[in-house]
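What follows is upload-v1.cif (mmCIF, N, CA and C atoms).
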```cif
data_start
#
loop_
_atom_site.group_PDB
_atom_site.id
_atom_site.type_symbol
_atom_site.label_atom_id
_atom_site.label_comp_id
_atom_site.auth_asym_id
_atom_site.auth_seq_id
_atom_site.Cartn_x
_atom_site.Cartn_y
_atom_site.Cartn_z
ATOM 1 N N MET A 1 0.810 -1.181 0.000
ATOM 2 C CA MET A 1 0.000 0.000 0.000
ATOM 3 C C MET A 1 0.869 1.268 0.000
ATOM 4 N N VAL A 2 1.915 1.273 0.822
ATOM 5 C CA VAL A 2 2.800 2.446 0.881
ATOM 6 C C VAL A 2 3.482 2.660 -0.465
ATOM 7 N N LYS A 3 3.918 1.561 -1.064
ATOM 8 C CA LYS A 3 4.580 1.673 -2.364
ATOM 9 C C LYS A 3 3.627 2.264 -3.407
ATOM 10 N N LYS A 4 2.381 1.818 -3.371
ATOM 11 C CA LYS A 4 1.394 2.327 -4.325
ATOM 12 C C LYS A 4 1.137 3.820 -4.089
ATOM 13 N N LEU A 5 0.990 4.218 -2.822
ATOM 14 C CA LEU A 5 0.781 5.634 -2.517
ATOM 15 C C LEU A 5 1.971 6.474 -2.971
ATOM 16 N N HIS A 6 3.171 5.924 -2.816
ATOM 17 C CA HIS A 6 4.382 6.628 -3.256
ATOM 18 C C HIS A 6 4.379 6.779 -4.769
ATOM 19 N N GLN A 7 4.065 5.697 -5.469
ATOM 20 C CA GLN A 7 4.048 5.737 -6.932
ATOM 21 C C GLN A 7 2.989 6.703 -7.463
ATOM 22 N N GLU A 8 1.868 6.789 -6.772
ATOM 23 C CA GLU A 8 0.771 7.664 -7.205
ATOM 24 C C GLU A 8 0.904 9.078 -6.646
ATOM 25 N N ASN A 9 2.004 9.319 -5.919
ATOM 26 C CA ASN A 9 2.266 10.630 -5.317
ATOM 27 C C ASN A 9 1.121 11.077 -4.396
ATOM 28 N N LYS A 10 0.674 10.132 -3.552
ATOM 29 C CA LYS A 10 -0.430 10.401 -2.622
ATOM 30 C C LYS A 10 -0.011 10.135 -1.177
ATOM 31 N N LEU A 11 1.217 10.461 -0.845
ATOM 32 C CA LEU A 11 1.725 10.180 0.495
ATOM 33 C C LEU A 11 0.971 10.941 1.583
ATOM 34 N N GLN A 12 0.368 12.058 1.251
ATOM 35 C CA GLN A 12 -0.356 12.843 2.241
ATOM 36 C C GLN A 12 -1.493 12.035 2.869
ATOM 37 N N MET A 13 -1.931 10.962 2.213
ATOM 38 C CA MET A 13 -2.990 10.117 2.766
ATOM 39 C C MET A 13 -2.519 9.364 4.016
ATOM 40 N N MET A 14 -1.215 9.271 4.198
ATOM 41 C CA MET A 14 -0.651 8.569 5.355
ATOM 42 C C MET A 14 -0.499 9.485 6.568
ATOM 43 N N VAL A 15 -0.649 10.766 6.384
ATOM 44 C CA VAL A 15 -0.414 11.734 7.450
ATOM 45 C C VAL A 15 -1.656 11.861 8.330
ATOM 46 N N ASP A 16 -1.436 11.909 9.625
ATOM 47 C CA ASP A 16 -2.518 12.097 10.587
ATOM 48 C C ASP A 16 -3.292 13.369 10.247
ATOM 49 N N ARG A 17 -4.594 13.267 10.175
ATOM 50 C CA ARG A 17 -5.440 14.423 9.807
ATOM 51 C C ARG A 17 -5.295 15.576 10.790
ATOM 52 N N ASP A 18 -4.990 15.256 12.034
ATOM 53 C CA ASP A 18 -4.839 16.307 13.051
ATOM 54 C C ASP A 18 -3.663 17.238 12.734
ATOM 55 N N LEU A 19 -2.702 16.743 11.947
ATOM 56 C CA LEU A 19 -1.552 17.578 11.576
ATOM 57 C C LEU A 19 -1.918 18.615 10.523
ATOM 58 N N LYS A 20 -3.002 18.345 9.795
ATOM 59 C CA LYS A 20 -3.437 19.209 8.687
ATOM 60 C C LYS A 20 -2.258 19.408 7.734
ATOM 61 N N ASP A 21 -1.799 20.613 7.528
ATOM 62 C CA ASP A 21 -0.658 20.857 6.635
ATOM 63 C C ASP A 21 0.606 21.193 7.413
ATOM 64 N N LYS A 22 0.665 20.809 8.673
ATOM 65 C CA LYS A 22 1.807 21.163 9.522
ATOM 66 C C LYS A 22 2.837 20.029 9.557
ATOM 67 N N TYR A 23 3.300 19.647 8.394
ATOM 68 C CA TYR A 23 4.358 18.640 8.279
ATOM 69 C C TYR A 23 5.191 18.953 7.046
ATOM 70 N N ASP A 24 6.407 18.446 7.047
ATOM 71 C CA ASP A 24 7.337 18.679 5.938
ATOM 72 C C ASP A 24 7.122 17.585 4.886
ATOM 73 N N ARG A 25 6.591 17.947 3.741
ATOM 74 C CA ARG A 25 6.297 16.973 2.672
ATOM 75 C C ARG A 25 7.565 16.267 2.172
ATOM 76 N N ASN A 26 8.655 17.005 2.096
ATOM 77 C CA ASN A 26 9.907 16.411 1.645
ATOM 78 C C ASN A 26 10.401 15.372 2.656
ATOM 79 N N GLU A 27 10.274 15.686 3.935
ATOM 80 C CA GLU A 27 10.687 14.752 4.982
ATOM 81 C C GLU A 27 9.829 13.484 4.940
ATOM 82 N N LEU A 28 8.534 13.640 4.705
ATOM 83 C CA LEU A 28 7.637 12.491 4.574
ATOM 84 C C LEU A 28 8.087 11.601 3.417
ATOM 85 N N LYS A 29 8.377 12.212 2.291
ATOM 86 C CA LYS A 29 8.821 11.460 1.108
ATOM 87 C C LYS A 29 10.119 10.707 1.403
ATOM 88 N N GLU A 30 11.054 11.358 2.072
ATOM 89 C CA GLU A 30 12.328 10.719 2.398
ATOM 90 C C GLU A 30 12.138 9.546 3.353
ATOM 91 N N MET A 31 11.283 9.712 4.358
ATOM 92 C CA MET A 31 11.035 8.616 5.302
ATOM 93 C C MET A 31 10.400 7.417 4.605
ATOM 94 N N VAL A 32 9.486 7.679 3.697
ATOM 95 C CA VAL A 32 8.841 6.598 2.952
ATOM 96 C C VAL A 32 9.859 5.902 2.054
ATOM 97 N N GLN A 33 10.744 6.658 1.420
ATOM 98 C CA GLN A 33 11.768 6.043 0.581
ATOM 99 C C GLN A 33 12.675 5.137 1.412
ATOM 100 N N VAL A 34 13.076 5.582 2.590
ATOM 101 C CA VAL A 34 13.908 4.740 3.462
ATOM 102 C C VAL A 34 13.132 3.476 3.843
ATOM 103 N N ALA A 35 11.857 3.627 4.187
ATOM 104 C CA ALA A 35 11.037 2.463 4.542
ATOM 105 C C ALA A 35 10.939 1.482 3.379
ATOM 106 N N LEU A 36 10.759 1.992 2.176
ATOM 107 C CA LEU A 36 10.674 1.112 1.002
ATOM 108 C C LEU A 36 12.012 0.434 0.715
ATOM 109 N N LEU A 37 13.114 1.130 0.945
ATOM 110 C CA LEU A 37 14.430 0.501 0.781
ATOM 111 C C LEU A 37 14.598 -0.647 1.775
ATOM 112 N N CYS A 38 14.084 -0.469 2.982
ATOM 113 C CA CYS A 38 14.217 -1.479 4.039
ATOM 114 C C CYS A 38 13.335 -2.701 3.823
ATOM 115 N N THR A 39 12.384 -2.591 2.906
ATOM 116 C CA THR A 39 11.464 -3.708 2.679
ATOM 117 C C THR A 39 11.597 -4.293 1.274
ATOM 118 N N GLN A 40 12.751 -4.115 0.656
ATOM 119 C CA GLN A 40 12.967 -4.679 -0.670
ATOM 120 C C GLN A 40 12.891 -6.199 -0.608
ATOM 121 N N PHE A 41 12.540 -6.808 -1.735
ATOM 122 C CA PHE A 41 12.300 -8.250 -1.793
ATOM 123 C C PHE A 41 13.489 -9.065 -1.299
ATOM 124 N N HIS A 42 14.655 -8.802 -1.814
ATOM 125 C CA HIS A 42 15.832 -9.608 -1.457
ATOM 126 C C HIS A 42 16.590 -8.938 -0.314
ATOM 127 N N PRO A 43 16.866 -9.673 0.760
ATOM 128 C CA PRO A 43 17.553 -9.088 1.917
ATOM 129 C C PRO A 43 18.880 -8.420 1.600
ATOM 130 N N SER A 44 19.609 -8.915 0.620
ATOM 131 C CA SER A 44 20.914 -8.323 0.308
ATOM 132 C C SER A 44 20.777 -6.933 -0.316
ATOM 133 N N HIS A 45 19.585 -6.589 -0.795
ATOM 134 C CA HIS A 45 19.349 -5.266 -1.373
ATOM 135 C C HIS A 45 18.933 -4.243 -0.324
ATOM 136 N N ARG A 46 18.632 -4.708 0.877
ATOM 137 C CA ARG A 46 18.185 -3.813 1.946
ATOM 138 C C ARG A 46 19.381 -3.133 2.604
ATOM 139 N N PRO A 47 19.241 -1.869 2.984
ATOM 140 C CA PRO A 47 20.360 -1.159 3.620
ATOM 141 C C PRO A 47 20.599 -1.642 5.056
ATOM 142 N N LYS A 48 21.834 -1.484 5.495
ATOM 143 C CA LYS A 48 22.191 -1.797 6.877
ATOM 144 C C LYS A 48 21.636 -0.704 7.781
ATOM 145 N N MET A 49 21.525 -0.998 9.063
ATOM 146 C CA MET A 49 20.979 -0.024 10.003
ATOM 147 C C MET A 49 21.785 1.272 9.997
ATOM 148 N N SER A 50 23.118 1.157 9.921
ATOM 149 C CA SER A 50 23.944 2.370 9.904
ATOM 150 C C SER A 50 23.650 3.217 8.663
ATOM 151 N N GLU A 51 23.372 2.564 7.530
ATOM 152 C CA GLU A 51 23.010 3.297 6.313
ATOM 153 C C GLU A 51 21.655 3.984 6.492
ATOM 154 N N ASN A 52 20.714 3.297 7.155
ATOM 155 C CA ASN A 52 19.399 3.891 7.415
ATOM 156 C C ASN A 52 19.536 5.168 8.226
ATOM 157 N N VAL A 53 20.360 5.121 9.257
ATOM 158 C CA VAL A 53 20.559 6.298 10.113
ATOM 159 C C VAL A 53 21.127 7.450 9.291
ATOM 160 N N ARG A 54 22.152 7.154 8.479
ATOM 161 C CA ARG A 54 22.753 8.208 7.652
ATOM 162 C C ARG A 54 21.729 8.790 6.673
ATOM 163 N N MET A 55 20.913 7.912 6.058
ATOM 164 C CA MET A 55 19.917 8.398 5.102
ATOM 165 C C MET A 55 18.877 9.271 5.793
ATOM 166 N N LEU A 56 18.450 8.873 6.988
ATOM 167 C CA LEU A 56 17.470 9.675 7.725
ATOM 168 C C LEU A 56 18.059 11.003 8.172
ATOM 169 N N GLU A 57 19.380 11.048 8.314
ATOM 170 C CA GLU A 57 20.060 12.304 8.654
ATOM 171 C C GLU A 57 20.316 13.158 7.417
ATOM 172 N N GLY A 58 19.977 12.622 6.230
ATOM 173 C CA GLY A 58 20.101 13.399 5.001
ATOM 174 C C GLY A 58 21.339 13.098 4.181
ATOM 175 N N ASP A 59 21.989 11.962 4.436
ATOM 176 C CA ASP A 59 23.228 11.645 3.729
ATOM 177 C C ASP A 59 23.080 10.372 2.899
ATOM 178 N N GLY A 60 23.041 10.504 1.582
ATOM 179 C CA GLY A 60 23.096 9.351 0.691
ATOM 180 C C GLY A 60 21.774 8.749 0.260
ATOM 181 N N LEU A 61 20.662 9.310 0.686
ATOM 182 C CA LEU A 61 19.369 8.727 0.319
ATOM 183 C C LEU A 61 19.129 8.791 -1.183
ATOM 184 N N ALA A 62 19.384 9.920 -1.792
ATOM 185 C CA ALA A 62 19.112 10.077 -3.232
ATOM 186 C C ALA A 62 19.861 9.038 -4.050
ATOM 187 N N LYS A 63 21.128 8.834 -3.724
ATOM 188 C CA LYS A 63 21.954 7.863 -4.464
ATOM 189 C C LYS A 63 21.440 6.439 -4.254
ATOM 190 N N LYS A 64 21.130 6.086 -3.021
ATOM 191 C CA LYS A 64 20.648 4.743 -2.700
ATOM 192 C C LYS A 64 19.283 4.504 -3.338
ATOM 193 N N TRP A 65 18.410 5.515 -3.302
ATOM 194 C CA TRP A 65 17.078 5.388 -3.883
ATOM 195 C C TRP A 65 17.172 5.183 -5.387
ATOM 196 N N GLU A 66 18.011 5.971 -6.039
ATOM 197 C CA GLU A 66 18.182 5.849 -7.493
ATOM 198 C C GLU A 66 18.680 4.452 -7.864
ATOM 199 N N ALA A 67 19.644 3.946 -7.104
ATOM 200 C CA ALA A 67 20.180 2.610 -7.366
ATOM 201 C C ALA A 67 19.106 1.541 -7.175
ATOM 202 N N SER A 68 18.260 1.712 -6.181
ATOM 203 C CA SER A 68 17.216 0.710 -5.912
ATOM 204 C C SER A 68 16.182 0.669 -7.032
ATOM 205 N N GLN A 69 15.969 1.776 -7.702
ATOM 206 C CA GLN A 69 14.985 1.822 -8.773
ATOM 207 C C GLN A 69 15.462 1.082 -10.021
ATOM 208 N N LYS A 70 16.759 0.808 -10.081
ATOM 209 C CA LYS A 70 17.325 0.088 -11.222
ATOM 210 C C LYS A 70 17.344 -1.421 -10.995
ATOM 211 N N LEU A 71 17.087 -1.853 -9.750
ATOM 212 C CA LEU A 71 17.095 -3.278 -9.434
ATOM 213 C C LEU A 71 15.895 -3.962 -10.060
ATOM 214 N N ASP A 72 16.100 -5.195 -10.500
ATOM 215 C CA ASP A 72 15.018 -5.977 -11.080
ATOM 216 C C ASP A 72 14.360 -6.778 -9.960
ATOM 217 N N THR A 73 13.159 -6.378 -9.572
ATOM 218 C CA THR A 73 12.451 -7.103 -8.524
ATOM 219 C C THR A 73 11.459 -8.054 -9.156
ATOM 220 N N PRO A 74 11.306 -9.241 -8.572
ATOM 221 C CA PRO A 74 10.389 -10.229 -9.143
ATOM 222 C C PRO A 74 8.954 -9.720 -9.146
ATOM 223 N N LYS A 75 8.275 -9.984 -10.222
ATOM 224 C CA LYS A 75 6.858 -9.638 -10.318
ATOM 225 C C LYS A 75 6.068 -10.937 -10.176
ATOM 226 N N LEU A 76 5.373 -11.077 -9.067
ATOM 227 C CA LEU A 76 4.594 -12.282 -8.821
ATOM 228 C C LEU A 76 3.207 -12.103 -9.417
ATOM 229 N N LYS A 77 2.777 -13.094 -10.211
ATOM 230 C CA LYS A 77 1.483 -13.004 -10.872
ATOM 231 C C LYS A 77 0.339 -13.198 -9.879
ATOM 232 N N SER A 78 0.492 -14.140 -9.005
ATOM 233 C CA SER A 78 -0.574 -14.439 -8.066
ATOM 234 C C SER A 78 0.008 -15.113 -6.849
ATOM 235 N N CYS A 79 -0.626 -14.907 -5.701
ATOM 236 C CA CYS A 79 -0.119 -15.528 -4.483
ATOM 237 C C CYS A 79 -0.350 -17.027 -4.503
ATOM 238 N N CYS A 80 -1.250 -17.503 -5.332
ATOM 239 C CA CYS A 80 -1.591 -18.924 -5.333
ATOM 240 C C CYS A 80 -1.027 -19.677 -6.531
ATOM 241 N N GLU A 81 -0.492 -18.986 -7.530
ATOM 242 C CA GLU A 81 -0.062 -19.635 -8.760
ATOM 243 C C GLU A 81 1.043 -20.652 -8.552
ATOM 244 N N TYR A 82 2.098 -20.301 -7.921
ATOM 245 C CA TYR A 82 3.188 -21.221 -7.667
ATOM 246 C C TYR A 82 3.481 -21.159 -6.177
ATOM 247 N N PRO A 83 2.661 -21.808 -5.353
ATOM 248 C CA PRO A 83 2.715 -21.586 -3.913
ATOM 249 C C PRO A 83 4.098 -21.664 -3.284
ATOM 250 N N LEU A 84 4.858 -22.700 -3.527
ATOM 251 C CA LEU A 84 6.172 -22.791 -2.910
ATOM 252 C C LEU A 84 7.288 -22.527 -3.898
ATOM 253 N N GLN A 85 7.031 -22.775 -5.145
ATOM 254 C CA GLN A 85 8.062 -22.641 -6.169
ATOM 255 C C GLN A 85 8.618 -21.231 -6.244
ATOM 256 N N LYS A 86 7.809 -20.217 -5.999
ATOM 257 C CA LYS A 86 8.282 -18.841 -6.121
ATOM 258 C C LYS A 86 9.358 -18.511 -5.101
ATOM 259 N N TYR A 87 9.453 -19.307 -4.034
ATOM 260 C CA TYR A 87 10.440 -19.042 -2.991
ATOM 261 C C TYR A 87 11.621 -20.016 -3.023
ATOM 262 N N MET A 88 11.587 -21.016 -3.867
ATOM 263 C CA MET A 88 12.582 -22.077 -3.813
ATOM 264 C C MET A 88 14.019 -21.576 -3.964
ATOM 265 N N ASP A 89 14.283 -20.680 -4.888
ATOM 266 C CA ASP A 89 15.642 -20.196 -5.061
ATOM 267 C C ASP A 89 16.023 -19.219 -3.967
ATOM 268 N N PHE A 90 15.044 -18.646 -3.323
ATOM 269 C CA PHE A 90 15.279 -17.652 -2.280
ATOM 270 C C PHE A 90 15.510 -18.301 -0.919
ATOM 271 N N ILE A 91 14.866 -19.433 -0.685
ATOM 272 C CA ILE A 91 14.902 -20.082 0.635
ATOM 273 C C ILE A 91 16.317 -20.478 1.038
ATOM 274 N N GLU A 92 17.094 -20.986 0.114
ATOM 275 C CA GLU A 92 18.442 -21.444 0.455
ATOM 276 C C GLU A 92 19.319 -20.334 1.009
ATOM 277 N N GLU A 93 19.145 -19.111 0.537
ATOM 278 C CA GLU A 93 19.981 -17.994 0.963
ATOM 279 C C GLU A 93 19.291 -17.108 1.986
ATOM 280 N N SER A 94 18.091 -17.464 2.374
ATOM 281 C CA SER A 94 17.304 -16.604 3.240
ATOM 282 C C SER A 94 17.873 -16.505 4.640
ATOM 283 N N SER A 95 17.801 -15.310 5.195
ATOM 284 C CA SER A 95 18.220 -15.125 6.576
ATOM 285 C C SER A 95 17.192 -15.711 7.525
ATOM 286 N N LEU A 96 16.028 -16.098 6.999
ATOM 287 C CA LEU A 96 14.989 -16.689 7.827
ATOM 288 C C LEU A 96 15.240 -18.171 8.087
ATOM 289 N N VAL A 97 16.134 -18.779 7.316
ATOM 290 C CA VAL A 97 16.387 -20.200 7.435
ATOM 291 C C VAL A 97 17.767 -20.421 8.058
ATOM 292 N N VAL A 98 18.024 -19.755 9.123
ATOM 293 C CA VAL A 98 19.293 -19.875 9.803
ATOM 294 C C VAL A 98 19.053 -20.527 11.155
ATOM 295 N N GLU A 99 19.865 -21.520 11.476
ATOM 296 C CA GLU A 99 19.681 -22.191 12.755
ATOM 297 C C GLU A 99 20.060 -21.254 13.878
ATOM 298 N N ALA A 100 19.341 -21.386 14.985
ATOM 299 C CA ALA A 100 19.644 -20.565 16.153
ATOM 300 C C ALA A 100 20.979 -20.985 16.756
ATOM 301 N N ILE A 101 21.754 -20.022 17.184
ATOM 302 C CA ILE A 101 23.019 -20.324 17.857
ATOM 303 C C ILE A 101 23.024 -19.625 19.208
ATOM 304 N N GLU A 102 23.707 -20.208 20.143
ATOM 305 C CA GLU A 102 23.788 -19.605 21.448
ATOM 306 C C GLU A 102 24.884 -18.548 21.437
ATOM 307 N N LEU A 103 24.520 -17.312 21.772
ATOM 308 C CA LEU A 103 25.475 -16.215 21.746
ATOM 309 C C LEU A 103 26.261 -16.089 23.029
ATOM 310 N N SER A 104 25.683 -16.508 24.117
ATOM 311 C CA SER A 104 26.390 -16.440 25.390
ATOM 312 C C SER A 104 25.838 -17.514 26.319
ATOM 313 N N GLY A 105 26.541 -17.744 27.374
ATOM 314 C CA GLY A 105 26.120 -18.762 28.333
ATOM 315 C C GLY A 105 24.922 -18.311 29.138
ATOM 316 N N PRO A 106 24.505 -19.138 30.082
ATOM 317 C CA PRO A 106 23.350 -18.799 30.906
ATOM 318 C C PRO A 106 23.611 -17.563 31.747
ATOM 319 N N ARG A 107 22.580 -16.863 32.074
ATOM 320 C CA ARG A 107 22.688 -15.640 32.856
ATOM 321 C C ARG A 107 22.253 -15.870 34.263
#
```
Mind converting the file's structure to structure tokens?
Amino acid sequence: MVKKLHQENKLQMMVDRDLKDKYDRNELKEMVQVALLCTQFHPSHRPKMSENVRMLEGDGLAKKWEASQKLDTPKLKSCCEYPLQKYMDFIEESSLVVEAIELSGPR
């Protein structure tokens, strides 16, 4: 939904009505762009937390956003068409399929 609002240039629909026009439209656009970068399909395309902080501080967002628009993201035809097949090549490299490890001893 956020991506669609961004594409249609309707981000103001996300703003609390109580704010009326008392918000920075450019800042809203930048925050949405950072959020969209953080939710890209492939985890390796998502920015690191330190990059997110820098972008929110106004450093490097334009360059990162432009680069993300050139990435080829998969277009899924339907959620039911290929139920598991659409994830098969992704599952092996997914950060979601990592075994838990103990980071420290008992506390």
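Residues matched by the PyMOL selection byres (((chain A and resi 47-55 and name CA) around 12) and name CA) in this structure: Glu27, Glu30, Met31, Val32, Gln33, Val34, Ala35, Leu36, Leu37, Cys38, Thr39, Gln40, His42, Pro43, Ser44, His45, Arg46, Leu56, Glu57, Gly58, Asp59, Gly60, Leu61, Ala62, Lys63, Lys64, Trp65, Ala67 and Ser68 of chain A.
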Axis-aligned box over every listed atom of region 27-30 of chain A, padded by 3 Å per side: centre and edges in Å to one decimal, as JSON?
```
{"center_x": 10.0, "center_y": 12.6, "center_z": 3.0, "size_x": 10.7, "size_y": 12.1, "size_z": 9.9}
```
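Note that atom C of Gln69 (chain A) and atom N of Lys29 (chain A) are 18.0 Å apart.
Straight-line separation from atom C of Val15 (chain A) to atom N of Glu66 (chain A): 25.1 Å.
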Item checked: Distance in Å - CA of Asp18 (chain A) versus CA of His6 (chain A) -> 21.1 Å
